[in-house]
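Asks: If it helps, the file is called start.cif and holds mmCIF, C-alpha atoms:
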data_work
loop_
_atom_site.group_PDB
_atom_site.id
_atom_site.type_symbol
_atom_site.label_atom_id
_atom_site.label_comp_id
_atom_site.auth_asym_id
_atom_site.auth_seq_id
_atom_site.Cartn_x
_atom_site.Cartn_y
_atom_site.Cartn_z
ATOM 1 C CA MET A 1 -13.363 -11.367 -35.185
ATOM 2 C CA SER A 2 -11.481 -9.412 -32.532
ATOM 3 C CA SER A 3 -12.669 -8.973 -28.978
ATOM 4 C CA LEU A 4 -13.146 -5.274 -29.650
ATOM 5 C CA SER A 5 -15.842 -5.989 -32.194
ATOM 6 C CA THR A 6 -17.758 -8.519 -30.117
ATOM 7 C CA PRO A 7 -20.671 -7.204 -28.096
ATOM 8 C CA ALA A 8 -20.137 -6.801 -24.364
ATOM 9 C CA ALA A 9 -21.302 -9.646 -22.180
ATOM 10 C CA PRO A 10 -24.503 -8.945 -20.265
ATOM 11 C CA SER A 11 -23.997 -7.766 -16.712
ATOM 12 C CA THR A 12 -24.552 -11.184 -15.130
ATOM 13 C CA GLY A 13 -21.357 -11.205 -13.125
ATOM 14 C CA ARG A 14 -19.837 -13.839 -15.397
ATOM 15 C CA GLY A 15 -17.805 -11.645 -17.736
ATOM 16 C CA PRO A 16 -14.009 -11.794 -17.561
ATOM 17 C CA ILE A 17 -13.710 -8.534 -15.617
ATOM 18 C CA ALA A 18 -16.303 -9.640 -13.086
ATOM 19 C CA ARG A 19 -14.537 -12.996 -12.687
ATOM 20 C CA ILE A 20 -11.191 -11.290 -12.068
ATOM 21 C CA GLY A 21 -12.774 -8.904 -9.557
ATOM 22 C CA HIS A 22 -14.407 -11.804 -7.743
ATOM 23 C CA TRP A 23 -11.131 -13.726 -7.717
ATOM 24 C CA LEU A 24 -9.210 -10.746 -6.277
ATOM 25 C CA ASN A 25 -11.792 -10.179 -3.551
ATOM 26 C CA ALA A 26 -11.961 -13.894 -2.700
ATOM 27 C CA MET A 27 -8.237 -14.037 -1.915
ATOM 28 C CA PRO A 28 -7.358 -13.578 1.758
ATOM 29 C CA HIS A 29 -5.829 -10.176 2.327
ATOM 30 C CA PRO A 30 -2.970 -9.742 4.797
ATOM 31 C CA ALA A 31 -3.769 -7.936 8.030
ATOM 32 C CA CYS A 32 -0.390 -6.186 7.942
ATOM 33 C CA ALA A 33 1.934 -4.971 5.205
ATOM 34 C CA VAL A 34 5.529 -3.743 5.494
ATOM 35 C CA GLU A 35 7.632 -1.917 2.927
ATOM 36 C CA ILE A 36 11.382 -1.522 3.241
ATOM 37 C CA GLY A 37 12.767 1.038 0.824
ATOM 38 C CA ALA A 38 16.054 2.822 0.321
ATOM 39 C CA HIS A 39 14.856 5.895 2.235
ATOM 40 C CA ARG A 40 12.151 4.667 4.608
ATOM 41 C CA VAL A 41 10.365 1.784 6.323
ATOM 42 C CA ALA A 42 6.563 1.796 6.326
ATOM 43 C CA ALA A 43 3.930 -0.485 7.832
ATOM 44 C CA ALA A 44 0.138 -0.583 7.650
ATOM 45 C CA ARG A 45 -2.454 -2.618 9.524
ATOM 46 C CA TRP A 46 -6.036 -3.107 8.376
ATOM 47 C CA GLY A 47 -9.087 -3.485 10.580
ATOM 48 C CA LYS A 48 -11.695 -6.211 10.368
ATOM 49 C CA GLY A 49 -13.907 -4.399 7.852
ATOM 50 C CA PRO A 50 -13.016 -4.172 4.176
ATOM 51 C CA GLY A 51 -10.768 -1.241 3.392
ATOM 52 C CA GLN A 52 -10.502 -0.036 7.008
ATOM 53 C CA LEU A 53 -6.978 1.190 7.625
ATOM 54 C CA GLU A 54 -6.482 0.790 11.355
ATOM 55 C CA SER A 55 -2.989 2.252 11.705
ATOM 56 C CA PHE A 56 0.165 3.039 9.795
ATOM 57 C CA ALA A 57 3.677 4.273 10.499
ATOM 58 C CA VAL A 58 6.572 5.559 8.419
ATOM 59 C CA GLU A 59 10.133 5.835 9.670
ATOM 60 C CA PRO A 60 12.918 7.458 7.620
ATOM 61 C CA LEU A 61 16.194 5.605 7.139
ATOM 62 C CA PRO A 62 19.597 7.276 7.202
ATOM 63 C CA PRO A 63 21.396 7.258 3.839
ATOM 64 C CA GLY A 64 23.205 4.006 3.078
ATOM 65 C CA VAL A 65 21.196 1.649 5.311
ATOM 66 C CA VAL A 66 19.468 -0.068 2.370
ATOM 67 C CA MET A 67 21.046 -0.068 -1.088
ATOM 68 C CA PRO A 68 18.759 -1.440 -3.830
ATOM 69 C CA SER A 69 20.749 -3.770 -6.077
ATOM 70 C CA PRO A 70 19.912 -6.943 -7.994
ATOM 71 C CA VAL A 71 23.382 -8.422 -7.410
ATOM 72 C CA GLU A 72 24.766 -6.955 -4.171
ATOM 73 C CA THR A 73 23.652 -7.164 -0.551
ATOM 74 C CA ASN A 74 20.687 -4.849 -0.036
ATOM 75 C CA VAL A 75 20.876 -4.319 3.722
ATOM 76 C CA VAL A 76 24.203 -2.648 4.388
ATOM 77 C CA GLN A 77 23.521 -1.596 7.994
ATOM 78 C CA PRO A 78 21.273 -4.263 9.575
ATOM 79 C CA GLU A 79 21.320 -2.667 13.041
ATOM 80 C CA ALA A 80 19.932 0.623 11.727
ATOM 81 C CA LEU A 81 17.242 -1.194 9.746
ATOM 82 C CA ALA A 82 16.251 -3.304 12.777
ATOM 83 C CA SER A 83 15.982 -0.137 14.866
ATOM 84 C CA ALA A 84 13.720 1.534 12.280
ATOM 85 C CA LEU A 85 11.545 -1.600 12.093
ATOM 86 C CA ARG A 86 11.169 -1.654 15.892
ATOM 87 C CA ARG A 87 10.036 1.987 15.835
ATOM 88 C CA VAL A 88 7.525 1.317 13.055
ATOM 89 C CA PHE A 89 6.017 -1.659 14.882
ATOM 90 C CA ALA A 90 5.887 0.209 18.187
#
Take the structure from the file and write it as structure tokens.
Replies:
Amino acid sequence: MSSLSTPAAPSTGRGPIARIGHWLNAMPHPACAVEIGAHRVAAARWGKGPGQLESFAVEPLPPGVVMPSPVETNVVQPEALASALRRVFA
């Protein structure tokens, strides 16, 4: 019998979806997140309450600062990237 033909579990909070949701919410969430992309650097900081975005910043990068590659060096111009990161965290 496939799982599609089995009746849904009662809403007791013990079904697989509920367990996954509980597991995801039980994990500690970072207070800050940073993304470095080929065209920009972004950062976000959350407040103490759940889902409260406290602040965020996005700073564009000049072309050629970061070059995404699985085999080559990604940060081609480290000084420019460091400058953009300082501006984002300011």
Asks: Could you tell me, as a compact mmCIF listing (two decimals) with C-alpha atoms, in the frame of the given file, exactly which residues end up selected when the PyMOL selection byres ((chain A and resi 23-39) around 8) is applied to this structure?
Replies:
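Result went into result-v7.txt, see below:
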# COMPACT_ATOMS: atom_id res chain seq x y z
CA ARG A 19 -14.54 -13.00 -12.69
CA ILE A 20 -11.19 -11.29 -12.07
CA GLY A 21 -12.77 -8.90 -9.56
CA HIS A 22 -14.41 -11.80 -7.74
CA ARG A 40 12.15 4.67 4.61
CA VAL A 41 10.36 1.78 6.32
CA ALA A 42 6.56 1.80 6.33
CA ALA A 43 3.93 -0.48 7.83
CA ALA A 44 0.14 -0.58 7.65
CA ARG A 45 -2.45 -2.62 9.52
CA TRP A 46 -6.04 -3.11 8.38
CA GLY A 47 -9.09 -3.48 10.58
CA PRO A 60 12.92 7.46 7.62
CA LEU A 61 16.19 5.60 7.14
CA PRO A 62 19.60 7.28 7.20
CA PRO A 63 21.40 7.26 3.84
CA GLY A 64 23.20 4.01 3.08
CA VAL A 65 21.20 1.65 5.31
CA VAL A 66 19.47 -0.07 2.37
CA MET A 67 21.05 -0.07 -1.09
CA PRO A 68 18.76 -1.44 -3.83
Asks: What separation in Å, quoted to one decimal, exists between atom CA of A:Ala57 and atom CA of A:Leu85?
Replies: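 Separation between atom CA of A:Ala57 and atom CA of A:Leu85: 9.9 Å.
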Asks: Taking all atoms of stretch 62-66 of chain A that the file lists and extending 5 Å past them on each side, where is the centre of the axis-aligned box and how long are its edges? Answer in Å to one decimal, as lines of an AutoDock Vina configuration file.
Replies:
center_x = 21.3
center_y = 3.6
center_z = 4.8
size_x = 13.7
size_y = 17.3
size_z = 14.8
Asks: Ranking A:Ile17, A:Gln52, A:Ser69, A:Glu59 by minimum distance to A:Leu81 and counting only C-alpha atoms, which one comes first?
Replies: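 Under the stated criterion, the closest residue is A:Glu59.
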Asks: One number please: atom CA of A:Val88 to atom CA of A:Ser55, in Å, one decimal.
Replies: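 These two atoms are separated by 10.6 Å.
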Asks: Enter the distance from atom CA of A:Leu53 to atom CA of A:Ala18, in Å, rounded to one decimal.
Replies: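 These atoms are spaced 25.2 Å apart.
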